[in-house]
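Trainee: One structure follows; several queries about it will come next.
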Amino acid sequence: MATDPNGIAEPSALSLTGASKTFGPVIALADGTIDIRPGEIHALVGENGAGKSTLVKILAGVHQPDGGEFLVAGEPVSFRTPADSKAAGISVIYQEPTLFPDLTVAENIFIGRQPRNRAGLINRAEMRRQARALFERLGVPIDPDRVAEGLSIADQQIIEIAKAISLDAKVLVMDEPTAALSGVEVDRLFGVARSLRERGAGILFISHRFEEVFALCDRITVMRDGRYISTHVTAEVTVDAIVREMVGRSIDALFPKSEAPIGDTVLRVEGLGRAGVFRGIDFEVKAGEIVALSGLVGAGRTEVARAVFGIDKYDEGAVTLGGKALKPHSPQAAIDAGIGFVPEDRRKQGLVMDLSVAKNATLTLRKQLARFGLINGRTERRVAEDWSKRLQVKTGSQDYAVSTLSGGNQQKVVIAKWLATEPKLLIVDEPTRGIDVGTKSEVHRLISDLAGRGIAILMISSELPEVLGMADRVLVMHEGRITAEIPRERATAERVMHAATASVNLTTEGSAA
Amino acid sequence: MTTTTVQSEKPGPAAHDKRNPVAAFFRQREIPVAAALVALVLITFAINPLFLSPQSVKDLLLNATIMIILAVGQALVIITRNVDLSIGSIVGLVAFGTGSLFNIAPGMPIPLVFLIGIVFGGLLGAVNGLLVTLAKVPALVITLGTMYIYRGILSTWAGSKQYFSGDNPKEFGNLSVDTFFGFPIITIMAVVVVVIVAIVLGLRRGGRDLYAIGSDPDAAKLFGIPTGRRVMAAFIACGALTGLAGILYASRYNSVGALTGSGLELDVVAAVVVGGVAIFGGSGTVVGAAIGAVLLSTITSSLTATRVDKFWQQAIVGVLILAAIVIDRVVSIRNTRKLRVSEARDV
């Protein structure tokens with residue numbers, strides 16, 4: 001129960017108990033529980049995929065919970081649309097603010113409820129005046145007449161907050177509002193949040209940064225694997241205790257990495273940097289080694305991988321493969337040099353969903369398979385069958401559209417596609433995302449086998465058990481920098497999590513200097 | 001501490017915030033089109049002074065009238081990030097329907113004919129709106145389909161039959177001949193339409209919602225704007241205005257038949273885009289769309305008045321459309337960049 005022993009008579013501003021939500025076979029939220037009192041700032045913390053976003057979307061009326069109890073100011077509610085949630089006094093500020101770029105700032109605040117004159121027409125002068133008054137109250141100089149397009153994320157959030165104030169929101173939900181802000185902007189946001197608290201609003205603050213959570217929030221609720229774990233008064237708890245609750249699961253032998261002889265350095269990345277995204281990235285991956293790139297979503301892991309593979313540009317630093325400098329910003333050069341890239345979103349970036357298994361598996365081989373510019377269908381199928389057998393892709397026929405396969409088998413087709421080019425280095429980004437538990441271990445075994453055959457593997461993963469179970473070394477990124485390099489023997493969930501949130505200066509084991 | 005990447009903060013971005021009414025006026029998206037229109041008229045007048053004779057001006061206005069009404073309706077739909085390609089067929093159906101109506105009941109009061117035509121157009125627009133909002137298929141595809149369906153219905157209905165202006169009551173034909181203080185009556189109707197729609201779009205909450213929807217449809221849904229209802233309303237309004245244009249077509253032109261109005265849709269979309277309404281929705285005004293319609297219909301007359309080969313006329317219209325789009329993009333990219341520079345911050 002969300003009631004507090006030394007509780008206040010006043011009902012909670014918002015209280016959600018045991019909410020659940022499933023999408024097909026995927027359980028996004030098993031037990032969503034949160035209790036926000038008027039006049040408090042309440043933090044919600046948890047790993048990636050703990051169910052925070054789903055919970056927020058239930059509060060916002062975007063998703064309808066399958067079960068559970070939902071009270072606002074003591075009254076049961078059930079929202080069918082975001083408009084219902086807003087009418088109940090809940091305002092949600094998403095990580096990426098949702099403003100209308102073509103409309104003016106004032107109109108963005110008041111759309112749908114602009115002040116009107118007696119004729120029922122919008123009173124623009126009054127609207128501008130009210131907007132200006134709001135910004136004065138918030139202490140920010142934003143011109144109400146400019147269009148929203150081109151505003152910084154920080155200013156966009158201020159506009160969202162102004163909107164919430166003008167709606168007289170009783171509950172303000174902020175989903176990782178500080179992720180894209182600089183220090184000054186964070187301070188400004190906190191000032192606004194505190195003044196809203198004084199006015200009696202309940203604020204739900206979602207953040208990965210513990211220093212912010214501890215500086216700002218009155219209570220902290222921890223979620224893990226779609227479940228409510230605990231709620232603490234901030235003053236009575238430590239960062240360590242919270243981290244333990246966030247990761248708190250035993251890492252079983254689900255993901256066995258077989259020992260493989262480690263060979264020469266295959267990939268070396270030196271001083272790689274891209275303005276505003278990442279900088280000072282140094283690391284290497286040796287033949288037969290699995291190096292995990294860990295960290296929270298948005299830490300810059302995928303961006304580093306994309307820069308190495310040549311999809312994105314980088315401003316400084318160098319990438320060498322097998323001792324030879326790799327031409328920047330050229331995926332073709334990367335492929336020719338022997339790099340394979342299994343992207344995060346296999347449906348959009350890794351596969352052509354409507355093409356057959358055979359065609360997908362041989363996409364990277366079109367040149368070798370073609371004679372006189374035409375691809376021989378029979379050879380194509382033969383090569384694809386060969387790979388399917390080796391990777392144990394389960395499909396009725398090589399001619400079926402790849403979209404008919406399960407997630408795990410789709411991933412195998414993507415890997416097959418790259419293996420056919422005989423890569424020296426394989427980059428795998430979130431290799432098991434959206435794959436059921438059974439097939440997950442097959443994908444892991446496959447990656448482990450590849451390392452055993454002397455391929456260097458760079459694995460990006462948000463799943464701690466996967467990182468800890470598979471990696472020979474773990475590199476942890478936080479806000480665009482590598483904050484720790486931890487060898488397999490010393491890698492624990494707590495160490496990785498600390499480095500990923502950079503809340504404590506953990507002694508970084510031989511950190512990339 | 002980020003001492004290494006301190007960026008020099010340029011002083012004085014506040015200069016942008018200063019509201020200068022004159023500068024603001026010239027930053028309106030309609031200004032370039034209006035300027036082009038004025039330039040076009042002046043240049044043509046210099047070459048051929050007959051271009052601005054009273055009779056010629058009256059013809060210019062009459063030619064532009066139907067385009068103006070169609071452009072206003074189309075602008076409503078385009079602002080919501082949709083498009084209606086079936087309007088040419090709707091014009092044909094309503095114009096031919098008007099002819100048959102007078103054929104069946106010659107004594108029918110003219111206001112009633114207008115009402116029937118507008119409601120008929122609105123219904124055809126409602127079919128478009130329903131399909132777009134329910135089927136969740138892009139409007140381009142849906143209205144391309146209804147364009148052919150409506151045209152097919154008209155062909156079956158009309159066959160080889162045509163109604164001539166002589167078959168209609170005289171007062172009906174006079175609508176597009178008579179003037180009021182020198183302005184043709186139907187042109188005054190078009191101006192009234194522009195003013196009313198401009199007020200609804202600019203100063204009614206529902207009208208502003210259309211911009212929000214076109215600006216970011218997902219955000220509009222998250223925000224709780226009834227997007228389906230609003231888009232539906234835009235299509236109905238477009239259909240009704242197109243119905244009005246269809247009636248005026250029957251009044252203005254000599255004959256209506258199975259082919260009436262075909263090909264109009266692209267001219268109208270062109271006029272709307274030239275008039276500064278962004279093809280991806282979210283910005284532009286019906287005043288701009290109306291000026292775009294006048295500009296396009298004036299170009300044809302002015303090229304004829306200056307004896308430019310007919311073949312070139314279409315090419316020039318094409319260049320104008322591309323110029324409008326390029327200018328729009330360049331301006332918006334420049335604005336965005338200007339707005340971002342003042343907010344550069346160290347990361």
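Ordering of the structure tokens sets the chain letters (A, B, ...); residue numbers start at 1 within each chain; ligands are numbered from 1 in the order shown.
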Counting only C-alpha atoms, a student should be able to say which residues of chain A come within 9 Å of chain B; what is the right answer, written as an MDAnalysis selection string?
Mentor: chainID A and resid 60:62 81:84 86 97:103 107:108 111:114 116 120:124 142:143 145:146 149:152 180:183 275:277
Trainee: Find the distance between CA of Ala28 (chain A) and CA of Ile58 (chain A) and write it in Å to one decimal.
Mentor: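 For CA of Ala28 (chain A) relative to CA of Ile58 (chain A), the distance reads 11.3 Å.
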Trainee: Find the nearest atom pair between each residue of region 225-339 of chain B and region 69-83 of chain B for residues within 7 Å, count only C-alpha atoms, give distances in Å to one decimal, sort rows by chain and ascending number, and present the table as CSV.
Mentor:
residue,atom,partner,partner_atom,distance
B:Val231,CA,B:Thr80,CA,6.7
B:Ala234,CA,B:Val77,CA,5.4
B:Phe235,CA,B:Val77,CA,6.1
B:Ala237,CA,B:Gly73,CA,6.5
B:Cys238,CA,B:Gly73,CA,4.0
B:Leu241,CA,B:Gly73,CA,5.7
B:Thr242,CA,B:Leu70,CA,5.6
B:Ala245,CA,B:Ile69,CA,6.2
B:Val268,CA,B:Ala71,CA,5.4
B:Val269,CA,B:Gln74,CA,6.9
B:Ala271,CA,B:Ala71,CA,6.6
B:Val272,CA,B:Ala71,CA,5.7
B:Val277,CA,B:Ala75,CA,6.9
B:Ile279,CA,B:Ile78,CA,6.3
B:Phe280,CA,B:Arg81,CA,5.1
B:Gly281,CA,B:Ile79,CA,4.1
B:Gly282,CA,B:Ile79,CA,5.2
B:Ser283,CA,B:Ile79,CA,6.3
B:Val286,CA,B:Val72,CA,5.3
B:Ala289,CA,B:Ala71,CA,5.8
B:Ala290,CA,B:Ala71,CA,6.1
B:Ala293,CA,B:Ala71,CA,6.5
Trainee: So that I can see what lies close to Leu115 (chain B), please list as a list of chain:residue names the residues with an atom at most 10 Å from it, counting only C-alpha atoms and leaving out residues fewer than 6 positions away in the same chain.
Mentor: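 Close residues of Leu115 (chain B): B:Gly121, B:Ala240, B:Gly243, B:Leu244, B:Ile247.
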Trainee: Next, dump the selected residues to file, keeping only C-alpha atoms, as an mmCIF file, in the first residue's frame.
Mentor:
data_model
loop_
_atom_site.group_PDB
_atom_site.id
_atom_site.type_symbol
_atom_site.label_atom_id
_atom_site.label_comp_id
_atom_site.auth_asym_id
_atom_site.auth_seq_id
_atom_site.Cartn_x
_atom_site.Cartn_y
_atom_site.Cartn_z
ATOM 1 C CA GLY B 121 -20.011 19.344 -52.154
ATOM 2 C CA ALA B 240 -18.544 22.711 -49.411
ATOM 3 C CA GLY B 243 -19.366 22.923 -54.223
ATOM 4 C CA LEU B 244 -19.791 26.701 -54.164
ATOM 5 C CA ILE B 247 -22.107 26.421 -58.894
#
Trainee: Write down as a VMD selection string the residues of region 129-315 of chain B whose backbone DSSP state falls under strand (DSSP E).
Mentor: chain B and resid 163 to 164 179 to 180 183 to 184 255 to 256
